[in-house]
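Working notes, structure below.
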Amino acid sequence: MGHRILALIIKEFLALFRDKKSRMAVIVPPIFQLLVFGYAATFDLEHAALAILNEDTGGFSRDLAGRFERSSGFEVVGYLRSEAEIAPLIDRGGALLALHIGPQCSSDAARGESCNIQVLIDGRNSNTAMLALNYVRSIVSDFNEERAELNGVKLPARLNMRAWFNPNLESRWFIVPGIIALLAMIVTLVVTALSVAREREAGTFDQLLVTPLRPWEILIGKAMPGLLVGVGEASLIIAVAVFWFKIPLVGQLSVLYPALIIYVLSIIGVGLMISSFSATLQQALLGAFLFIVPAVILSGFSTPIANMPAFMQALTYLDPMRYFLTIVRRVFLEGAGIEYFWHDLWPMSIIAAVTLAMATWLFRHRMY
Amino acid sequence: MKPGRLLRVKGMIRKEWLQVIRDPSSIAIAFFLPMLLLLIFGYGVSLDAKNVRIALVVEQADSQSLSFAGGFYQTSYFAPLALNSIQEAETALRQSKVDGIVWLRHNFGRDYLRKDSPPIGVIVNGVDANTARLIEGYVQGIWFGWLEQQAERAGKKLQSPVQLEQRIWYNPEVRSTDFLVPGVLAVIMTLIGALLTALVIAREWERGTMEALLVTRISVVEILLGKLIPYFILGMGGLALSLAMAHSLFHVPLRGSLWLLLATSALFLWVALGMGFFISTIFKSQFVAALVAMVSTFLPAFILSGFIFDIQSMPPIIQGLTHLIAARYYVSILQTLFLVGDVWSVVLPNAAALVGMGLFFHGMVYRKTRKNLE
């Protein structure tokens, strides 16, 4: 019996890796994507294009504008001469925001009154707009505090803000561990979802069914390439995340790997189910997308689950990626041990068990 | 026009159309997929943090502490959880039961009255850096509002040297839906276009029917046209459905003109279908074409198009790379057409880039589908 399964496993590996194009399609894109997405997927605002319209000539406003010029968050793309220049510039995307200092600024400040400044932000990307606004606010409030101190005035109370686990709030630390979950899912699903459908279309699956192999043996044979490729690829990505992107791995790999294996198994189950449902490769491809896209969105990879409406949040409990994503981020950044993510581990294990069992059953009881 | 061309193209269209209708998966791709995706993206993707779970630790219930803490109950941004000690709050943060802590020490009120400028401790969970930053912004807002209120109560005006007035154009309420839904349309159209056509030509090669087609009088252009037109019609159907849903369900304003939206969308669909044909023609095997379609369509359109991650924030090399992603141009057009209006200085260069990419894909397909056999 053991050698039967072994023979099937070898055959599955050959089917996947013998063809050079197919080998390349499985191995190369994930690594390339990790590098590209690791750099591309950021919510940090740097060098936001800023235009300055300073109608005032005094030292006060020059000092204020200098704060913006020196800030790494902004890059001054132009100095404007009139208010009429602002709208066309922002409309065509030439600047993300414009800072407008009125002609009375320095004289108002000298009289002890407030200098009113205006900031106009392109809201097309609302998140970027909010980040830019927060930067502007913090520059202005730092400036205010310093000026007030010069005059011997102290604020009645001050804020003392700290961030745990990611002190500089780098969004890359959040996104790159997420990419581990994302790419492990896609690679595993690609390998498994197409494997049965391909044999169906070629007619060789029926031959497999009449061999002495039992459905669960077929399951093991079909699952092994997915498991090895999925876990192997994920390990590679973890290494790149740690050594290339320098994401702190605070927790233990020994608690991460069991979770990773369960995660990959649950994806294999989904992939083989999709594969058993489909009669053609076209249908398997559609099925894979019908799973991948919602799974990525509902996992909280790019936007937090907490922001979703309640019924969507309920749907996320069906998504294996949701659980692993939380686990991998918390192990990486918080150093969470198994006692902190047990409640994410067991639902994922149930999903894995159910999908694998369904896939085995579907091998014999197919739709077509 | 060569004699009989119309007839041959018509015949080809009819054959493709029958194939489309007989395999329910194409119809599903064109109509079911966009509906599902739009619902999931539209409701699921939001960057507006609301009801942030925050632990409030007020060690001494004096009037200053209570009035500051009260601010957190009056906004929909926070769902505060009152805890008794900072240890309890830190444990809750470690267990992910709260996303942040606001801590007023027992001497806060006393130091406030003494004008000692007491600190307000704020700890946020930085794992999700973007949300953490938004939370910090909200806390700052509450803090500033409270300072103003206290000054007013004392009969003074909070006199800060610089007063900031902010205006966010095109999206004054800063609803993330308004910028995400147009981007979602681009991701959906990329998927539909590529999925519809990625296997179409590979299938003919694999089944040997391409050779059968090549020995007929039909020319390559006629084959390609015959394949393009049915999927184009299907894709436009899906597109119309998505646009209608974006407008009626998510109330995204359309400030530009509808005809320009339809025209640029048709242009993008042509490019996306071309990309699918291109994958199909280059790889000639359905299995490999499917692999390539999976890894080269969804994720690049999702991450590199500027739909959610701002292209301006990416390193220069990656910014250069985004120019290879057709969805990037379409996202830019859509966000402008929906939120700003017909800004030709945005629409024209992006549309030109799309035309260029479309010509490249369709041209390559034409070149690679010579009427010769290997």
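In the structure tokens, each chain is lettered A, B, ... as it comes, each chain's residues begin at 1, and ligands are numbered from 1 in order of appearance.
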Exercise. Find the residues near stretch 174-184 of chain A: any atom within 8 Å, counting only C-alpha atoms, skip ones fewer than 2 places away on the same chain, and give them as a ChimeraX atom specification.
Key: /A:30,34,37-38,41-42,170-172,186-188,230-231,233-234,237-238,241,247,264,296,301-302,321,324-325,328-329,332 /B:127-129
Quiz item: Which residue, A:Gly269, A:Ile274, A:Pro294, A:Pro309, has the smallest gap to A:Ile351 when you use only C-alpha atoms?
Solution: A:Gly269
Practice problem: Write down as a PyMOL selection string the residues belonging to stretch 51-182 of chain A that are assigned helix (DSSP H, G or I) by DSSP computed on the backbone. | Solution: chain A and resi 59-70+83-91+105-110+126-150+172-182
Self-check item: Shortest interatomic distance to chain B - which of A:Glu146, A:Glu46, A:Glu75, A:Glu55, counting only C-alpha atoms
Solution: A:Glu46
Quiz prompt | Best match for closeness to chain B among A:His365, A:Arg70, A:Arg81, A:Arg330, counting only C-alpha atoms | solution =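 With only C-alpha atoms as the atom set, the closest residue is A:Arg330.
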Close residues, B:Val365 itself excluded, 9 Å, only C-alpha atoms, min 6 positions apart in chain, as a CSV table (one decimal) with N, CA and C atoms, in the first residue's frame:
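Result file is selection.csv:
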chain,number,residue,atom,x,y,z
B,224,LEU,N,-9.2,35.8,-34.9
B,224,LEU,CA,-9.1,36.7,-33.7
B,224,LEU,C,-10.3,37.5,-33.5
B,274,GLY,N,-7.2,41.4,-24.4
B,274,GLY,CA,-6.0,41.2,-25.2
B,274,GLY,C,-4.9,40.5,-24.3
B,277,PHE,N,-5.8,36.8,-24.2
B,277,PHE,CA,-5.4,36.2,-25.5
B,277,PHE,C,-3.9,36.0,-25.5
B,278,PHE,N,-3.2,37.0,-25.0
B,278,PHE,CA,-1.7,37.0,-25.1
B,278,PHE,C,-1.2,35.8,-24.3
B,279,ILE,N,-1.7,35.7,-23.0
B,279,ILE,CA,-1.3,34.6,-22.2
B,279,ILE,C,-1.6,33.2,-22.9
B,280,SER,N,-2.8,33.2,-23.4
B,280,SER,CA,-3.3,32.0,-24.1
B,280,SER,C,-2.4,31.6,-25.2
B,281,THR,N,-2.0,32.6,-26.0
B,281,THR,CA,-1.2,32.3,-27.2
B,281,THR,C,0.2,31.9,-26.9
B,282,ILE,N,0.8,32.6,-25.9
B,282,ILE,CA,2.2,32.4,-25.6
B,282,ILE,C,2.4,31.0,-25.0
Exercise. As a ChimeraX atom specification, please: all residues of stretch 7-126 of chain A that backbone DSSP puts in strand (DSSP E or B).
Key: /A:48-54,74-79,97-101,115-122
Any chance you could export the current selection's C-alpha atoms as an mmCIF file, in the first residue's frame?
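Once everything was written out, this is result_15.cif:
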data_model
loop_
_atom_site.group_PDB
_atom_site.id
_atom_site.type_symbol
_atom_site.label_atom_id
_atom_site.label_comp_id
_atom_site.auth_asym_id
_atom_site.auth_seq_id
_atom_site.Cartn_x
_atom_site.Cartn_y
_atom_site.Cartn_z
ATOM 1 C CA ALA A 48 3.962 63.497 -0.640
ATOM 2 C CA ALA A 49 3.874 66.177 -3.335
ATOM 3 C CA LEU A 50 3.262 69.516 -1.635
ATOM 4 C CA ALA A 51 2.748 72.925 -3.229
ATOM 5 C CA ILE A 52 3.244 76.028 -1.095
ATOM 6 C CA LEU A 53 1.518 79.348 -1.592
ATOM 7 C CA ASN A 54 3.014 81.804 0.863
ATOM 8 C CA PHE A 74 6.581 65.979 2.142
ATOM 9 C CA GLU A 75 8.427 67.006 -0.949
ATOM 10 C CA VAL A 76 7.813 70.518 -2.203
ATOM 11 C CA VAL A 77 6.959 70.302 -5.882
ATOM 12 C CA GLY A 78 6.347 73.993 -6.435
ATOM 13 C CA TYR A 79 5.846 77.445 -5.024
ATOM 14 C CA LEU A 97 -1.841 68.948 -1.166
ATOM 15 C CA ALA A 98 -1.368 72.690 -1.101
ATOM 16 C CA LEU A 99 -0.457 74.829 1.870
ATOM 17 C CA HIS A 100 -1.838 78.338 1.753
ATOM 18 C CA ILE A 101 -0.426 81.002 4.119
ATOM 19 C CA CYS A 115 -2.147 83.126 12.035
ATOM 20 C CA ASN A 116 -4.686 81.269 9.916
ATOM 21 C CA ILE A 117 -3.325 78.845 7.400
ATOM 22 C CA GLN A 118 -5.209 76.640 5.006
ATOM 23 C CA VAL A 119 -4.382 73.206 3.704
ATOM 24 C CA LEU A 120 -6.146 71.772 0.639
ATOM 25 C CA ILE A 121 -5.830 68.054 0.090
ATOM 26 C CA ASP A 122 -6.712 65.844 -2.876
#
Quiz item: Pick from B:Met275, B:Leu39, B:Leu185, B:Val200: nearest to B:Ser332, with only C-alpha atoms counted?
Solution: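 Residue with the minimum atom-to-atom distance to B:Ser332: B:Leu185.
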Practice problem: Considering only C-alpha atoms, return as a PyMOL selection string whatever protein or nucleic-acid residues lie within 7 Å of stretch 13-29 of chain B, sequence-local ones (same chain, fewer than 5 positions apart) excluded. | Solution: (chain A and resi 283) or (chain B and resi 192+196+226-227+229-230)
Selection export as a PDB file, in the first residue's frame, atoms kept: all heavy atoms:
ATOM      1  N   GLN A 283     -13.258  25.779 -15.730  1.00  0.00           N
ATOM      2  CA  GLN A 283     -14.095  25.838 -14.528  1.00  0.00           C
ATOM      3  C   GLN A 283     -13.253  25.832 -13.266  1.00  0.00           C
ATOM      4  O   GLN A 283     -13.562  26.524 -12.295  1.00  0.00           O
ATOM      5  CB  GLN A 283     -15.080  24.667 -14.520  1.00  0.00           C
ATOM      6  CG  GLN A 283     -16.155  24.806 -15.585  1.00  0.00           C
ATOM      7  CD  GLN A 283     -16.993  23.564 -15.736  1.00  0.00           C
ATOM      8  OE1 GLN A 283     -16.816  22.582 -15.017  1.00  0.00           O
ATOM      9  NE2 GLN A 283     -17.911  23.581 -16.692  1.00  0.00           N
TER      10      GLN A 283
ATOM     11  N   ILE B 192     -12.154  39.662 -15.158  1.00  0.00           N
ATOM     12  CA  ILE B 192     -13.107  39.159 -16.142  1.00  0.00           C
ATOM     13  C   ILE B 192     -12.448  39.027 -17.502  1.00  0.00           C
ATOM     14  O   ILE B 192     -12.537  37.995 -18.162  1.00  0.00           O
ATOM     15  CB  ILE B 192     -14.315  40.117 -16.259  1.00  0.00           C
ATOM     16  CG1 ILE B 192     -15.060  40.145 -14.928  1.00  0.00           C
ATOM     17  CG2 ILE B 192     -15.243  39.663 -17.355  1.00  0.00           C
ATOM     18  CD1 ILE B 192     -16.196  41.119 -14.934  1.00  0.00           C
ATOM     19  N   LEU B 196     -11.896  35.350 -19.101  1.00  0.00           N
ATOM     20  CA  LEU B 196     -12.714  34.963 -20.247  1.00  0.00           C
ATOM     21  C   LEU B 196     -11.843  34.409 -21.359  1.00  0.00           C
ATOM     22  O   LEU B 196     -12.214  33.454 -22.035  1.00  0.00           O
ATOM     23  CB  LEU B 196     -13.500  36.166 -20.763  1.00  0.00           C
ATOM     24  CG  LEU B 196     -14.760  36.552 -19.999  1.00  0.00           C
ATOM     25  CD1 LEU B 196     -15.345  37.836 -20.551  1.00  0.00           C
ATOM     26  CD2 LEU B 196     -15.800  35.443 -20.090  1.00  0.00           C
ATOM     27  N   GLY B 226     -13.273  36.950 -34.581  1.00  0.00           N
ATOM     28  CA  GLY B 226     -14.372  36.063 -34.224  1.00  0.00           C
ATOM     29  C   GLY B 226     -14.319  35.673 -32.766  1.00  0.00           C
ATOM     30  O   GLY B 226     -15.337  35.445 -32.119  1.00  0.00           O
ATOM     31  N   LYS B 227     -13.093  35.596 -32.216  1.00  0.00           N
ATOM     32  CA  LYS B 227     -12.974  35.238 -30.809  1.00  0.00           C
ATOM     33  C   LYS B 227     -13.170  36.455 -29.907  1.00  0.00           C
ATOM     34  O   LYS B 227     -13.689  36.344 -28.812  1.00  0.00           O
ATOM     35  CB  LYS B 227     -11.601  34.618 -30.538  1.00  0.00           C
ATOM     36  CG  LYS B 227     -11.515  33.202 -31.053  1.00  0.00           C
ATOM     37  CD  LYS B 227     -10.299  32.510 -30.528  1.00  0.00           C
ATOM     38  CE  LYS B 227     -10.281  31.056 -30.898  1.00  0.00           C
ATOM     39  NZ  LYS B 227     -11.321  30.269 -30.211  1.00  0.00           N
ATOM     40  N   ILE B 229     -14.983  39.338 -30.436  1.00  0.00           N
ATOM     41  CA  ILE B 229     -16.291  40.005 -30.365  1.00  0.00           C
ATOM     42  C   ILE B 229     -17.245  39.386 -29.336  1.00  0.00           C
ATOM     43  O   ILE B 229     -17.810  40.109 -28.519  1.00  0.00           O
ATOM     44  CB  ILE B 229     -16.918  40.109 -31.781  1.00  0.00           C
ATOM     45  CG1 ILE B 229     -16.071  41.090 -32.590  1.00  0.00           C
ATOM     46  CG2 ILE B 229     -18.358  40.584 -31.723  1.00  0.00           C
ATOM     47  CD1 ILE B 229     -16.375  41.113 -34.067  1.00  0.00           C
ATOM     48  N   PRO B 230     -17.428  38.049 -29.319  1.00  0.00           N
ATOM     49  CA  PRO B 230     -18.367  37.520 -28.319  1.00  0.00           C
ATOM     50  C   PRO B 230     -17.944  37.846 -26.881  1.00  0.00           C
ATOM     51  O   PRO B 230     -18.777  38.224 -26.055  1.00  0.00           O
ATOM     52  CB  PRO B 230     -18.313  36.004 -28.532  1.00  0.00           C
ATOM     53  CG  PRO B 230     -17.706  35.801 -29.845  1.00  0.00           C
ATOM     54  CD  PRO B 230     -16.868  36.989 -30.158  1.00  0.00           C
TER      55      PRO B 230
END
Quiz item: Which value, in Å to one decimal, gives the distance between atom CA of A:Ala359 and atom CA of A:Pro225?
Solution: 15.8 Å
Self-check item: Between atom CA of B:Ser96 and atom CA of A:Trp342 - distance in Å to one decimal
Solution: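 Going from atom CA of A:Trp342 over to atom CA of B:Ser96 covers 12.8 Å.
Considering only C-alpha atoms, the residue among A:Gly58, A:Gly226, A:Pro215, A:Gly300 positioned nearest to chain B is A:Gly300.
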Quiz prompt | Surrounding residues of stretch 57-60 of chain B excluding itself and chain neighbours under 3 positions, 7 Å, only C-alpha atoms, as an MDAnalysis selection string | solution = chainID B and resid 65 82:86 102:106
Quiz item: Neighbours of A:Ala15 within 12 Å (only C-alpha atoms; same-chain residues fewer than 6 positions away dropped), as an NGL selection string?
Solution: (:A and (8-9 or 21-23 or 191-192 or 194-196 or 198-199 or 221-222 or 225)) or (:B and (287-288))
